[in-house]
Structure formats: C-alpha cells, structure tokens
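Report on one structure; see the data block that follows.
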Amino acid sequence: AFDQDAGAIQDAVDAGIEQLNAGGANITFDTREVGNDNSLTFRGVRIEPEDADLVITTEFVTLTPSTEVPGDVTVTVAPLVSFDSTDDEKPISIGMASENLQLTTNWVLGAAGKPEVSLSADSLNVTGGAEDHPFLKALSVAPEMLDFSMSFDEAARDVTGTFSMDGLKLVYDFIDPESSARMQGNMDTERMTIDLTGTGLPAGEEDMDRFLSDGSFKLDIASGPSVQSFSSGDPTMPMSLESEAESGTAQLSVENGEFLYRTDFGAVSYVVTPDPTALPLPPFDASLAGGMMELRTPVAPSDQVRDVKIGLALNELVLGDSVWGMFDPQALLPREAANVALDLDAKLRLEKPLSEAPETDNPMEVGEVES
C-alpha cells in the first residue's frame, strides 16, 4: 500500500473543473474538504450547463485516491442525484437513487495514453414524472448489481470492455407531444452481459478501410428471460402488446476482413390486442420455440473468395386463430406448428474497398460474385 499525493489530486481536479467550466459546464460547490485518507469531498455540488435547460445537483461528490493502484481514483456520489429542467414550458424533475455507486478511473491524474474506467452499483433507480405533469406521467428505470469496465490504448487504438447487470425493471407512462396519445409500458429482464473487444479501431472515417482490413471488433451480448407489456393510445393504431422471451445471445463482429451478425433466441410469444373502441378486431397471438438470424459478408478487399450468408430459422412457429382467419377463414390450410428456414449462400471476392461503392454507377464493380 502507498499514499498518493493529496495535492496532486486537488490540482488535477481543479484543472479539470476549470477546463469544463471554460466549455460552459458551470460547475459550482459550497465547500470542499480533505480527508485523512487524502480524499477530496465537494459538498453542495451544482452543474448548470450553458447549452442545456438543466440543473444537476447532489449533496456531495468524493474523490478518493487508491492505496493499491498508482493513479487510480474512486469517485463516489451522494445516494441521490437530481436532474431538474429549467424550461418553464416543459418542467421536469428526474431523480437517481443509488446504493454503493462508485466509479474508479485513472483519468483524474492522467492516464498516460491508456485510460481505464470501471463503475459498479448494487442498485440504481432513475425515477420521475407525476400524473399532473403535461407529458411525463411516470418513469422508473432500475438495474440491479450493475458492473461496467473499459480500457483503451490510445496509441494502438485497442479497447476492451465488459458490462453486466443481474436484472432490469422499467416502467414508463407518457403523453406523446405530437399526437397527444398516451404510451404506457413495463419490462422485467433478468441478467444481461456485454463483452467488447477491438484492435486497431479507426481514428476517423478516412481510416475505415484500413480498419476493415487489419483491425477487429467484437461485441457479444447475452440476455436472460424477459417479460414486456406496452399500450398505445395513438389514434392511428390504438393497441396493447404483451410478450415473453427466453434467454438469447447476439454477436456482432468485424474480423479478418469479414462482417458477422448472428442472434440466437429461445421461446418467444406475443399477444397484440387492438382497442375495440377504435379497431373492432380480435387479439392476435403468435409464438416461437426458438430461432436464429445470421448475416455474414466480406467487407475488405482480398485475393480470396469469401462466404456471403443470410440465414433465418423460426422453430415451431404458431399463429393464433385470429391471424389465420385473416387469410384462411375457411381453415383450408394446416395450422400445426411450422419450421421456417431461409439459407442463402454465395461466394464473393471484393476487389475494392467498400468506401468506393458510392462512387460507382454499379456497386458490384467493387467485387465479383462467383456463385
């Protein structure tokens, strides 16, 4: 263990606040104090950006230097942070309550080209709205056991990141300002994880061709079961929706000059109920036992012929009688569960970067389809 210099932390924080305020952040605080652990606490913190009709306030923000990792500083905030609109025509107040929320980063003292950040919280709950509010009637976004980390190598442009939460509960109720229709819904999702890796990420649009050939990017998402409901008072299609879904995974990647998107999902069911006062139709329901979707294609020039693939599988697709009745009212077709599959394959050799496709009259000039 070691002690990091309290003065260095204060100087870095003061410089950061000065820089942010020069850009219009308008950060102020009532008092500051230094703890025995060299922590720096600001009390009565207020942020009022010049370019937003918003005021952010919280009781305190504390920055505590690590005694284990040189350069690391942990930021903790008061259990409640308030976000209040200063727009008199659209007043709104949002609160964020948290348990054991903390952020650790090496940015405060200078990351030496390799910034790292991690954030964790036992729980968050973002709430707002009221029945007498002109458009936001209710809002609650509540993730549980939140954990996030990311690191970036600025020279190599490599990134790694992870995100997870044990569950998410969402409730919303608002009035659409354009149609004046009321929208309500809720969602309850179990554990979700996201893993991100990338190498040689592009520095800008002009660097994209190089990245597609030599860099890499991979995003893996896994989600547990979820239940959702939604209702809309939109006069063009008033309806409600109920759905349930089992766990699923998704992958998005660019690697070795190839793009891949694939998602695999478990059982899914939907019930759509039109508003009988506006659409005198019965409920529509459908379900699947599972399925997948896949898209694979080359994205960088190569002497090699590469695969192009479009795949879709819907296992044990079942449509309700009300759906069948729309196009088969006499029940002439079998209505048992069906398996639907689409599998399109081709061979493609890209001869030019994809960035040149918009410059040609025929986009196929960038490559040759061999089968």
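Every chain in the structure tokens has a letter given in the order shown (A, B, ...), and although residue numbers restart at 1 in each chain, ligands are simply numbered from 1 in the order shown.
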Do you have, as CSV, the list of residues of stretch 143-201 of chain A lying at most 12 Å from stretch 97-118 of chain A, each with its nearest atom pair and that distance in Å to one decimal, counting only C-alpha atoms and ordered by chain then number?
```
residue,atom,partner,partner_atom,distance
A:Pro143,CA,A:Ser98,CA,10.0
A:Glu144,CA,A:Glu99,CA,9.7
A:Met145,CA,A:Glu99,CA,9.5
A:Leu146,CA,A:Leu101,CA,8.9
A:Asp147,CA,A:Ser118,CA,7.6
A:Phe148,CA,A:Ser118,CA,5.4
A:Ser149,CA,A:Ser118,CA,4.0
A:Met150,CA,A:Val117,CA,5.5
A:Ser151,CA,A:Glu116,CA,4.3
A:Phe152,CA,A:Lys114,CA,5.5
A:Asp153,CA,A:Lys114,CA,4.6
A:Glu154,CA,A:Gly113,CA,5.3
A:Ala155,CA,A:Gly113,CA,6.9
A:Ala156,CA,A:Gly113,CA,9.7
A:Arg157,CA,A:Lys114,CA,9.5
A:Asp158,CA,A:Lys114,CA,9.5
A:Val159,CA,A:Lys114,CA,9.7
A:Thr160,CA,A:Glu116,CA,9.7
A:Gly161,CA,A:Ser118,CA,9.3
A:Thr162,CA,A:Ser118,CA,9.3
A:Phe163,CA,A:Ser118,CA,9.6
A:Ser164,CA,A:Ser118,CA,11.8
```
Determine which residues of stretch 178-350 of chain A receive a DSSP assignment of strand (DSSP E), computed from the backbone, and state them as a PyMOL selection string.
-> chain A and resi 182-199+216-223+226-232+239-245+248-255+258-265+268-274+284-288+290-298+306-319+338-350
Per-residue DSSP, stretch 143-290 of chain A, filtered to alpha helix (DSSP H), as a PDB file with all heavy atoms, in the first residue's frame:
```pdb
ATOM      1  N   MET A 208     -11.293   4.119 -42.083  1.00  0.00           N
ATOM      2  CA  MET A 208     -12.185   2.967 -42.013  1.00  0.00           C
ATOM      3  C   MET A 208     -11.717   1.799 -42.886  1.00  0.00           C
ATOM      4  O   MET A 208     -11.808   0.628 -42.469  1.00  0.00           O
ATOM      5  CB  MET A 208     -13.595   3.377 -42.417  1.00  0.00           C
ATOM      6  CG  MET A 208     -14.622   2.261 -42.248  1.00  0.00           C
ATOM      7  SD  MET A 208     -14.768   1.669 -40.535  1.00  0.00           S
ATOM      8  CE  MET A 208     -15.528   3.104 -39.773  1.00  0.00           C
ATOM      9  N   ASP A 209     -11.221   2.080 -44.087  1.00  0.00           N
ATOM     10  CA  ASP A 209     -10.777   0.990 -44.960  1.00  0.00           C
ATOM     11  C   ASP A 209      -9.643   0.200 -44.320  1.00  0.00           C
ATOM     12  O   ASP A 209      -9.606  -1.037 -44.399  1.00  0.00           O
ATOM     13  CB  ASP A 209     -10.338   1.536 -46.325  1.00  0.00           C
ATOM     14  CG  ASP A 209     -11.507   2.032 -47.159  1.00  0.00           C
ATOM     15  OD1 ASP A 209     -12.642   1.599 -46.891  1.00  0.00           O
ATOM     16  OD2 ASP A 209     -11.277   2.861 -48.065  1.00  0.00           O
ATOM     17  N   ARG A 210      -8.715   0.923 -43.682  1.00  0.00           N
ATOM     18  CA  ARG A 210      -7.617   0.235 -43.008  1.00  0.00           C
ATOM     19  C   ARG A 210      -8.129  -0.642 -41.876  1.00  0.00           C
ATOM     20  O   ARG A 210      -7.711  -1.799 -41.715  1.00  0.00           O
ATOM     21  CB  ARG A 210      -6.642   1.304 -42.473  1.00  0.00           C
ATOM     22  CG  ARG A 210      -5.291   0.790 -41.966  1.00  0.00           C
ATOM     23  CD  ARG A 210      -5.311   0.353 -40.517  1.00  0.00           C
ATOM     24  NE  ARG A 210      -5.992   1.285 -39.647  1.00  0.00           N
ATOM     25  CZ  ARG A 210      -6.487   0.960 -38.467  1.00  0.00           C
ATOM     26  NH1 ARG A 210      -6.399  -0.282 -38.009  1.00  0.00           N
ATOM     27  NH2 ARG A 210      -7.128   1.861 -37.734  1.00  0.00           N
ATOM     28  N   PHE A 211      -9.094  -0.122 -41.113  1.00  0.00           N
ATOM     29  CA  PHE A 211      -9.660  -0.907 -40.017  1.00  0.00           C
ATOM     30  C   PHE A 211     -10.361  -2.159 -40.518  1.00  0.00           C
ATOM     31  O   PHE A 211     -10.189  -3.249 -39.962  1.00  0.00           O
ATOM     32  CB  PHE A 211     -10.641  -0.045 -39.220  1.00  0.00           C
ATOM     33  CG  PHE A 211     -11.553  -0.836 -38.338  1.00  0.00           C
ATOM     34  CD1 PHE A 211     -11.062  -1.476 -37.200  1.00  0.00           C
ATOM     35  CD2 PHE A 211     -12.903  -0.973 -38.643  1.00  0.00           C
ATOM     36  CE1 PHE A 211     -11.901  -2.226 -36.384  1.00  0.00           C
ATOM     37  CE2 PHE A 211     -13.741  -1.718 -37.839  1.00  0.00           C
ATOM     38  CZ  PHE A 211     -13.239  -2.346 -36.705  1.00  0.00           C
ATOM     39  N   LEU A 212     -11.149  -2.042 -41.579  1.00  0.00           N
ATOM     40  CA  LEU A 212     -11.889  -3.197 -42.086  1.00  0.00           C
ATOM     41  C   LEU A 212     -10.955  -4.299 -42.573  1.00  0.00           C
ATOM     42  O   LEU A 212     -11.305  -5.484 -42.516  1.00  0.00           O
ATOM     43  CB  LEU A 212     -12.826  -2.765 -43.216  1.00  0.00           C
ATOM     44  CG  LEU A 212     -13.985  -1.854 -42.809  1.00  0.00           C
ATOM     45  CD1 LEU A 212     -14.782  -1.413 -44.021  1.00  0.00           C
ATOM     46  CD2 LEU A 212     -14.894  -2.530 -41.792  1.00  0.00           C
ATOM     47  N   SER A 213      -9.773  -3.911 -43.018  1.00  0.00           N
ATOM     48  CA  SER A 213      -8.811  -4.915 -43.489  1.00  0.00           C
ATOM     49  C   SER A 213      -7.977  -5.497 -42.358  1.00  0.00           C
ATOM     50  O   SER A 213      -7.760  -6.723 -42.302  1.00  0.00           O
ATOM     51  CB  SER A 213      -7.874  -4.294 -44.538  1.00  0.00           C
ATOM     52  OG  SER A 213      -8.575  -3.949 -45.708  1.00  0.00           O
ATOM     53  N   ASP A 214      -7.501  -4.632 -41.456  1.00  0.00           N
ATOM     54  CA  ASP A 214      -6.499  -5.070 -40.482  1.00  0.00           C
ATOM     55  C   ASP A 214      -6.963  -5.034 -39.028  1.00  0.00           C
ATOM     56  O   ASP A 214      -6.324  -5.652 -38.173  1.00  0.00           O
ATOM     57  CB  ASP A 214      -5.244  -4.194 -40.609  1.00  0.00           C
ATOM     58  CG  ASP A 214      -4.677  -4.210 -42.020  1.00  0.00           C
ATOM     59  OD1 ASP A 214      -4.764  -5.264 -42.670  1.00  0.00           O
ATOM     60  OD2 ASP A 214      -4.169  -3.163 -42.467  1.00  0.00           O
TER      61      ASP A 214
END
```
Measure the distance from atom CA of A:Ile92 to atom CA of A:Leu139 in Å and round it to one decimal.
-> 11.4 Å
Near A:Asp234, counting only C-alpha atoms, which residues have an atom at most 12 Å away, once you skip same-chain residues fewer than 2 positions from it, shown as a PDB file with N, CA, C and O atoms, in the first residue's frame?
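Saved to around.pdb:
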```
ATOM      1  N   PHE A 174     -46.198   8.094 -20.528  1.00  0.00           N
ATOM      2  CA  PHE A 174     -46.009   9.460 -21.006  1.00  0.00           C
ATOM      3  C   PHE A 174     -47.025   9.789 -22.100  1.00  0.00           C
ATOM      4  O   PHE A 174     -47.657   8.896 -22.691  1.00  0.00           O
ATOM      5  N   ILE A 175     -47.153  11.083 -22.362  1.00  0.00           N
ATOM      6  CA  ILE A 175     -48.010  11.590 -23.422  1.00  0.00           C
ATOM      7  C   ILE A 175     -47.123  12.024 -24.588  1.00  0.00           C
ATOM      8  O   ILE A 175     -46.206  12.824 -24.406  1.00  0.00           O
ATOM      9  N   ASP A 176     -47.405  11.495 -25.770  1.00  0.00           N
ATOM     10  CA  ASP A 176     -46.669  11.901 -26.966  1.00  0.00           C
ATOM     11  C   ASP A 176     -47.065  13.339 -27.301  1.00  0.00           C
ATOM     12  O   ASP A 176     -48.233  13.608 -27.603  1.00  0.00           O
ATOM     13  N   PRO A 177     -46.112  14.294 -27.258  1.00  0.00           N
ATOM     14  CA  PRO A 177     -46.472  15.699 -27.508  1.00  0.00           C
ATOM     15  C   PRO A 177     -47.077  15.936 -28.887  1.00  0.00           C
ATOM     16  O   PRO A 177     -47.882  16.854 -29.059  1.00  0.00           O
ATOM     17  N   GLU A 178     -46.702  15.131 -29.900  1.00  0.00           N
ATOM     18  CA  GLU A 178     -47.186  15.358 -31.261  1.00  0.00           C
ATOM     19  C   GLU A 178     -48.606  14.830 -31.451  1.00  0.00           C
ATOM     20  O   GLU A 178     -49.461  15.508 -32.024  1.00  0.00           O
ATOM     21  N   SER A 179     -48.872  13.605 -31.008  1.00  0.00           N
ATOM     22  CA  SER A 179     -50.189  13.008 -31.232  1.00  0.00           C
ATOM     23  C   SER A 179     -51.115  13.128 -30.032  1.00  0.00           C
ATOM     24  O   SER A 179     -52.305  12.824 -30.143  1.00  0.00           O
ATOM     25  N   SER A 180     -50.556  13.557 -28.870  1.00  0.00           N
ATOM     26  CA  SER A 180     -51.300  13.614 -27.604  1.00  0.00           C
ATOM     27  C   SER A 180     -51.771  12.241 -27.151  1.00  0.00           C
ATOM     28  O   SER A 180     -52.671  12.129 -26.308  1.00  0.00           O
ATOM     29  N   ALA A 181     -51.182  11.187 -27.707  1.00  0.00           N
ATOM     30  CA  ALA A 181     -51.545   9.823 -27.326  1.00  0.00           C
ATOM     31  C   ALA A 181     -50.748   9.399 -26.103  1.00  0.00           C
ATOM     32  O   ALA A 181     -49.581   9.765 -25.947  1.00  0.00           O
ATOM     33  N   ARG A 182     -51.384   8.618 -25.252  1.00  0.00           N
ATOM     34  CA  ARG A 182     -50.723   8.139 -24.047  1.00  0.00           C
ATOM     35  C   ARG A 182     -50.046   6.800 -24.326  1.00  0.00           C
ATOM     36  O   ARG A 182     -50.638   5.888 -24.906  1.00  0.00           O
ATOM     37  N   MET A 183     -48.782   6.667 -23.902  1.00  0.00           N
ATOM     38  CA  MET A 183     -47.994   5.450 -24.072  1.00  0.00           C
ATOM     39  C   MET A 183     -47.604   4.935 -22.690  1.00  0.00           C
ATOM     40  O   MET A 183     -47.070   5.690 -21.881  1.00  0.00           O
ATOM     41  N   GLN A 184     -47.860   3.659 -22.457  1.00  0.00           N
ATOM     42  CA  GLN A 184     -47.538   3.057 -21.172  1.00  0.00           C
ATOM     43  C   GLN A 184     -46.879   1.699 -21.397  1.00  0.00           C
ATOM     44  O   GLN A 184     -47.176   1.012 -22.374  1.00  0.00           O
ATOM     45  N   SER A 231     -48.796  -0.411 -24.145  1.00  0.00           N
ATOM     46  CA  SER A 231     -50.091   0.020 -24.663  1.00  0.00           C
ATOM     47  C   SER A 231     -49.947   1.409 -25.268  1.00  0.00           C
ATOM     48  O   SER A 231     -49.181   2.246 -24.778  1.00  0.00           O
ATOM     49  N   SER A 232     -50.661   1.631 -26.341  1.00  0.00           N
ATOM     50  CA  SER A 232     -50.594   2.894 -27.057  1.00  0.00           C
ATOM     51  C   SER A 232     -51.994   3.413 -27.327  1.00  0.00           C
ATOM     52  O   SER A 232     -52.868   2.662 -27.786  1.00  0.00           O
ATOM     53  N   THR A 236     -54.129   6.358 -34.646  1.00  0.00           N
ATOM     54  CA  THR A 236     -53.962   5.603 -35.886  1.00  0.00           C
ATOM     55  C   THR A 236     -53.888   4.104 -35.648  1.00  0.00           C
ATOM     56  O   THR A 236     -54.188   3.319 -36.551  1.00  0.00           O
ATOM     57  N   MET A 237     -53.473   3.671 -34.440  1.00  0.00           N
ATOM     58  CA  MET A 237     -53.417   2.250 -34.118  1.00  0.00           C
ATOM     59  C   MET A 237     -53.397   2.050 -32.610  1.00  0.00           C
ATOM     60  O   MET A 237     -52.383   1.671 -32.030  1.00  0.00           O
ATOM     61  N   PRO A 238     -54.513   2.275 -31.950  1.00  0.00           N
ATOM     62  CA  PRO A 238     -54.563   2.024 -30.504  1.00  0.00           C
ATOM     63  C   PRO A 238     -54.517   0.528 -30.230  1.00  0.00           C
ATOM     64  O   PRO A 238     -55.290  -0.247 -30.806  1.00  0.00           O
ATOM     65  N   MET A 239     -53.607   0.104 -29.362  1.00  0.00           N
ATOM     66  CA  MET A 239     -53.423  -1.322 -29.127  1.00  0.00           C
ATOM     67  C   MET A 239     -52.605  -1.547 -27.881  1.00  0.00           C
ATOM     68  O   MET A 239     -52.041  -0.617 -27.313  1.00  0.00           O
ATOM     69  N   SER A 240     -52.554  -2.813 -27.452  1.00  0.00           N
ATOM     70  CA  SER A 240     -51.671  -3.218 -26.369  1.00  0.00           C
ATOM     71  C   SER A 240     -50.886  -4.449 -26.817  1.00  0.00           C
ATOM     72  O   SER A 240     -51.346  -5.222 -27.666  1.00  0.00           O
ATOM     73  N   PRO A 274     -55.914  -5.089 -30.244  1.00  0.00           N
ATOM     74  CA  PRO A 274     -56.369  -3.758 -30.673  1.00  0.00           C
ATOM     75  C   PRO A 274     -57.423  -3.204 -29.717  1.00  0.00           C
ATOM     76  O   PRO A 274     -58.160  -3.957 -29.079  1.00  0.00           O
ATOM     77  N   ASP A 275     -57.501  -1.887 -29.634  1.00  0.00           N
ATOM     78  CA  ASP A 275     -58.522  -1.238 -28.827  1.00  0.00           C
ATOM     79  C   ASP A 275     -59.879  -1.436 -29.514  1.00  0.00           C
ATOM     80  O   ASP A 275     -60.099  -0.937 -30.621  1.00  0.00           O
ATOM     81  N   ALA A 278     -61.827   1.431 -31.207  1.00  0.00           N
ATOM     82  CA  ALA A 278     -61.310   2.042 -32.429  1.00  0.00           C
ATOM     83  C   ALA A 278     -61.083   1.025 -33.535  1.00  0.00           C
ATOM     84  O   ALA A 278     -61.294   1.320 -34.712  1.00  0.00           O
ATOM     85  N   LEU A 279     -60.649  -0.182 -33.167  1.00  0.00           N
ATOM     86  CA  LEU A 279     -60.398  -1.257 -34.134  1.00  0.00           C
ATOM     87  C   LEU A 279     -61.131  -2.507 -33.655  1.00  0.00           C
ATOM     88  O   LEU A 279     -60.638  -3.220 -32.783  1.00  0.00           O
TER      89      LEU A 279
END
```
Close residues, A:Met165 itself excluded, 12 Å, only C-alpha atoms, min 2 positions apart in chain, as a list in words = Leu119, Ser120, Ala121, Asp122, Ser123, Leu124, Ala142, Pro143, Glu144, Met145, Leu146, Asp147, Phe148, Thr162, Phe163, Gly167, Leu168, Lys169, Thr189, Glu190, Arg191, Met192, Thr193, Ile194, Ile221, Ala222, Ser223 and Gly224 of chain A
